[in-house]
$ cat data22.tsv   # TSV, C-alpha atoms
chain	number	residue	atom	x	y	z
H	1	MET	CA	76.33	0.66	-38.17
H	2	PRO	CA	74.23	1.66	-35.16
H	3	VAL	CA	75.56	3.97	-32.47
H	4	ASP	CA	77.35	2.18	-29.63
H	5	ARG	CA	75.15	1.59	-26.60
H	6	TYR	CA	76.05	0.54	-23.10
H	7	PHE	CA	74.05	-0.81	-20.17
H	8	ASP	CA	73.06	2.72	-19.09
H	9	ASP	CA	71.67	3.51	-22.54
H	10	LEU	CA	69.09	0.72	-22.47
H	11	THR	CA	65.46	1.01	-21.42
H	12	VAL	CA	63.17	-1.80	-20.31
H	13	GLY	CA	60.64	-2.48	-23.04
H	14	VAL	CA	62.86	-1.55	-25.99
H	15	SER	CA	62.06	-4.07	-28.71
H	16	GLU	CA	63.22	-4.89	-32.22
H	17	VAL	CA	62.24	-7.44	-34.87
H	18	SER	CA	64.92	-9.24	-36.88
H	19	PRO	CA	65.04	-10.06	-40.55
H	20	ARG	CA	63.27	-13.30	-41.53
H	21	ARG	CA	64.75	-16.69	-42.31
H	22	THR	CA	63.24	-19.79	-43.88
H	23	ILE	CA	64.31	-23.11	-42.36
H	24	GLY	CA	64.67	-26.05	-44.70
H	25	GLU	CA	65.72	-29.67	-44.90
H	26	ALA	CA	69.33	-28.73	-45.63
H	27	ASP	CA	69.48	-26.73	-42.36
H	28	VAL	CA	68.15	-29.71	-40.37
H	29	ASN	CA	70.50	-32.18	-42.05
H	30	ALA	CA	73.50	-29.90	-41.47
H	31	PHE	CA	72.55	-29.42	-37.81
H	32	ALA	CA	72.12	-33.19	-37.37
H	33	ALA	CA	75.58	-33.77	-38.84
H	34	LEU	CA	77.21	-31.00	-36.79
H	35	SER	CA	75.55	-31.87	-33.47
H	36	GLY	CA	75.34	-35.63	-33.87
H	37	ASP	CA	71.63	-35.41	-33.00
H	38	ARG	CA	70.10	-37.81	-35.48
H	39	ASN	CA	66.81	-38.29	-33.65
H	40	PRO	CA	64.38	-39.88	-36.14
H	41	LEU	CA	61.86	-37.04	-35.59
H	42	HIS	CA	64.35	-34.86	-37.45
H	43	VAL	CA	66.01	-37.15	-39.99
H	44	ASP	CA	63.70	-40.10	-40.77
H	45	GLU	CA	60.59	-39.27	-42.80
H	46	ALA	CA	58.87	-42.63	-42.18
H	47	HIS	CA	59.42	-42.50	-38.44
H	48	ALA	CA	58.45	-38.83	-38.16
H	49	GLY	CA	55.37	-39.38	-40.33
H	50	ALA	CA	54.00	-41.83	-37.77
H	51	GLY	CA	54.87	-39.50	-34.89
H	52	PRO	CA	52.99	-36.70	-33.15
H	53	PHE	CA	53.65	-34.07	-35.84
H	54	GLY	CA	53.00	-36.24	-38.91
H	55	ARG	CA	56.27	-35.16	-40.55
H	56	ARG	CA	59.86	-34.26	-39.83
H	57	ILE	CA	60.54	-31.24	-37.65
H	58	ALA	CA	63.57	-29.07	-37.04
H	59	HIS	CA	65.59	-29.62	-33.88
H	60	GLY	CA	64.54	-27.33	-31.03
H	61	LEU	CA	68.17	-26.38	-30.51
H	62	LEU	CA	68.46	-25.54	-34.21
H	63	GLY	CA	65.67	-23.02	-33.68
H	64	THR	CA	67.55	-21.63	-30.67
H	65	ALA	CA	70.75	-21.37	-32.71
H	66	ILE	CA	68.94	-19.63	-35.57
H	67	ALA	CA	67.36	-17.26	-33.06
H	68	SER	CA	70.85	-16.40	-31.83
H	69	GLY	CA	71.93	-15.63	-35.38
H	70	LEU	CA	68.83	-13.54	-36.05
H	71	PHE	CA	69.51	-11.54	-32.88
H	72	THR	CA	72.99	-10.63	-34.17
H	73	GLU	CA	71.31	-9.14	-37.25
H	74	THR	CA	69.38	-6.59	-35.16
H	75	ASP	CA	70.54	-3.05	-34.48
H	76	LEU	CA	70.06	-3.77	-30.76
H	77	SER	CA	72.69	-6.52	-30.87
H	78	ARG	CA	75.04	-4.59	-33.15
H	79	SER	CA	74.88	-1.51	-30.93
H	80	LEU	CA	75.94	-3.55	-27.87
H	81	GLN	CA	79.06	-5.13	-29.39
H	82	ARG	CA	81.48	-2.84	-27.50
H	83	ALA	CA	79.56	-3.22	-24.24
H	84	LEU	CA	79.00	-6.98	-24.33
H	85	ILE	CA	81.21	-8.91	-21.92
H	86	ALA	CA	79.37	-12.24	-21.89
H	87	MET	CA	76.08	-14.00	-22.34
H	88	LEU	CA	75.51	-15.52	-18.91
H	89	GLY	CA	73.11	-18.26	-19.88
H	90	VAL	CA	70.21	-19.38	-22.01
H	91	GLN	CA	66.76	-20.44	-20.90
H	92	ALA	CA	64.59	-21.72	-23.74
H	93	LYS	CA	60.98	-22.83	-23.88
H	94	PHE	CA	59.86	-24.68	-27.00
H	95	GLU	CA	56.26	-23.72	-27.77
H	96	ALA	CA	55.60	-25.13	-31.25
H	97	PRO	CA	57.49	-27.23	-33.82
H	98	ILE	CA	59.33	-25.76	-36.76
H	99	PHE	CA	58.50	-27.53	-40.01
H	100	PHE	CA	60.58	-27.51	-43.18
H	101	GLY	CA	59.71	-24.39	-45.16
H	102	ASP	CA	58.63	-22.35	-42.12
H	103	THR	CA	59.80	-18.76	-42.15
H	104	VAL	CA	60.67	-17.31	-38.76
H	105	GLU	CA	61.62	-13.97	-37.27
H	106	LEU	CA	62.81	-12.90	-33.86
H	107	GLU	CA	61.49	-10.16	-31.62
H	108	ALA	CA	64.08	-9.15	-29.01
H	109	THR	CA	62.93	-7.14	-25.99
H	110	VAL	CA	64.91	-5.73	-23.08
H	111	ALA	CA	62.88	-7.23	-20.21
H	112	ASP	CA	64.93	-6.16	-17.18
H	113	LEU	CA	68.04	-4.19	-16.24
H	114	ARG	CA	70.08	-4.86	-13.10
H	115	PRO	CA	73.28	-3.00	-12.20
H	116	THR	CA	75.94	-5.24	-10.65
H	117	SER	CA	77.57	-4.59	-7.29
H	118	SER	CA	80.88	-3.82	-9.02
H	119	GLY	CA	79.36	-0.61	-10.39
H	120	ASP	CA	81.02	-0.82	-13.79
H	121	ARG	CA	78.70	-3.44	-15.26
H	122	GLY	CA	75.07	-4.38	-15.52
H	123	VAL	CA	72.96	-7.34	-16.57
H	124	ALA	CA	70.34	-6.87	-19.27
H	125	ILE	CA	67.72	-9.61	-19.48
H	126	VAL	CA	66.75	-9.98	-23.14
H	127	GLU	CA	63.66	-11.96	-24.10
H	128	ARG	CA	63.96	-13.35	-27.60
H	129	ARG	CA	60.68	-14.54	-29.08
H	130	LEU	CA	61.08	-16.72	-32.14
H	131	ARG	CA	57.86	-16.87	-34.15
H	132	LYS	CA	56.63	-17.98	-37.52
H	133	VAL	CA	55.57	-15.18	-39.84
H	134	ASP	CA	51.94	-16.24	-39.34
H	135	GLY	CA	52.37	-15.22	-35.68
H	136	THR	CA	52.72	-18.72	-34.19
H	137	ALA	CA	55.03	-18.60	-31.16
H	138	VAL	CA	57.86	-21.09	-31.61
H	139	GLN	CA	60.31	-20.39	-28.78
H	140	LEU	CA	60.83	-18.03	-25.87
H	141	ILE	CA	64.53	-17.65	-25.17
H	142	VAL	CA	65.72	-15.62	-22.20
H	143	THR	CA	69.35	-14.51	-22.17
H	144	PRO	CA	71.05	-12.46	-19.46
H	145	LEU	CA	73.78	-10.30	-21.01
H	146	LEU	CA	76.65	-8.91	-18.93
H	147	LEU	CA	77.33	-5.41	-20.27
H	148	ARG	CA	79.79	-2.62	-19.57
H	149	ARG	CA	78.33	0.59	-18.21
H	150	SER	CA	78.93	3.85	-20.09
H	151	PRO	CA	82.54	5.04	-19.97
H	152	ALA	CA	83.03	8.04	-17.69
$ encode --input "data22.tsv" --output "structure tokens"
Amino acid sequence: MPVDRYFDDLTVGVSEVSPRRTIGEADVNAFAALSGDRNPLHVDEAHAGAGPFGRRIAHGLLGTAIASGLFTETDLSRSLQRALIAMLGVQAKFEAPIFFGDTVELEATVADLRPTSSGDRGVAIVERRLRKVDGTAVQLIVTPLLLRRSPA
């Protein structure tokens, strides 16, 4: 287990790459069932085959959810568990489709640090870049994390 870190222990530019994960048809079908999003681009081979990608693709939000899971597998995320108060939001940009069989990884980077006016907390802006192992950018996900400052 990594050493506990707090807001004050972070540095802008710190970056870490997650383990990899392959996304398959079972993942897409399970996400469609869970979310109720049965858009034919994701679940209907004939419809998707005639569409812009020529085949079925994973849901964009499935990629975002997988990115969230991959982030929790990083030492950066694990080291912040005691400090984390809340994730304040999610801003995602979908840059390329995820096809069945694609293997992805996440690079998480501390992009900005802002102390709050309360003095006992800070907001870390974490950029999470989901990419295929061939380097293709899939998603850019920006998450502000509300963190405790170091105990006195």
$ atom_distance --input "data22.tsv" --atom1 "atom CA of H:Gly122" --atom2 "atom CA of H:Thr72"
19.8 Å
$ atom_distance --input "data22.tsv" --atom1 "atom CA of H:Glu25" --atom2 "atom CA of H:Glu107"
24.0 Å
$ residues_around --input "data22.tsv" --residues "H:Asp37" --least-positions-apart "4" --cutoff "12 Å" --atoms "all atoms listed in the file" --output "list of chain:residue names"
H:Val28, H:Asn29, H:Ala30, H:Phe31, H:Ala32, H:Ala33, H:Leu41, H:His42, H:Val43, H:Ala58, H:His59, H:Gly60, H:Leu61, H:Leu62
$ axis_aligned_box --input "data22.tsv" --around "stretch 30-46 of chain H" --padding-each-side "3 Å" --output "lines of an AutoDock Vina configuration file"
center_x = 68.0
center_y = -36.0
center_z = -37.9
size_x = 24.3
size_y = 19.2
size_z = 15.8
$ residues_around --input "data22.tsv" --residues "H:Val90" --least-positions-apart "6" --cutoff "10 Å" --atoms "all atoms listed in the file" --output "PyMOL selection string"
chain H and resi 64+141-145
$ closest_residue --input "data22.tsv" --among "H:Leu106, H:Ala48, H:Ala83, H:Ile125" --to "H:Arg5" --atoms "all atoms listed in the file"
H:Ala83
$ residues_near_point --input "data22.tsv" --point "(60.5, -32.5, -41.1)" --cutoff "6 Å" --atoms "only C-alpha atoms" --output "compact mmCIF listing (two decimals) with C-alpha atoms, in the frame of the given file"
# COMPACT_ATOMS: atom_id res chain seq x y z
CA HIS H 42 64.35 -34.86 -37.45
CA ARG H 55 56.27 -35.16 -40.55
CA ARG H 56 59.86 -34.26 -39.83
CA ILE H 57 60.54 -31.24 -37.65
CA PHE H 99 58.50 -27.53 -40.01
CA PHE H 100 60.58 -27.51 -43.18
$ closest_residue --input "data22.tsv" --among "H:Arg20, H:Arg121, H:Arg114, H:Lys93" --to "H:Ser150" --atoms "all atoms listed in the file"
H:Arg121
$ atom_distance --input "data22.tsv" --atom1 "atom CA of H:Gly24" --atom2 "atom CA of H:Met87"
27.8 Å
$ closest_residue --input "data22.tsv" --among "H:Ser79, H:Thr136, H:Thr116, H:Asn39" --to "H:Leu10" --atoms "all atoms listed in the file"
H:Ser79
$ residues_around --input "data22.tsv" --residues "H:Leu70" --least-positions-apart "4" --cutoff "8 Å" --atoms "only C-alpha atoms" --output "number ranges by chain"
H: 18-20, 66, 74, 105-106
$ closest_residue --input "data22.tsv" --among "H:Gly13, H:Lys132, H:Val123, H:Val104" --to "H:Leu84" --atoms "all atoms listed in the file"
H:Val123
$ closest_residue --input "data22.tsv" --among "H:Leu113, H:Leu80, H:Val14, H:Ala92" --to "H:Ala67" --atoms "only C-alpha atoms"
H:Ala92
$ closest_residue --input "data22.tsv" --among "H:Leu76, H:Ala26, H:Val12, H:Leu146" --to "H:Gly101" --atoms "all atoms listed in the file"
H:Ala26
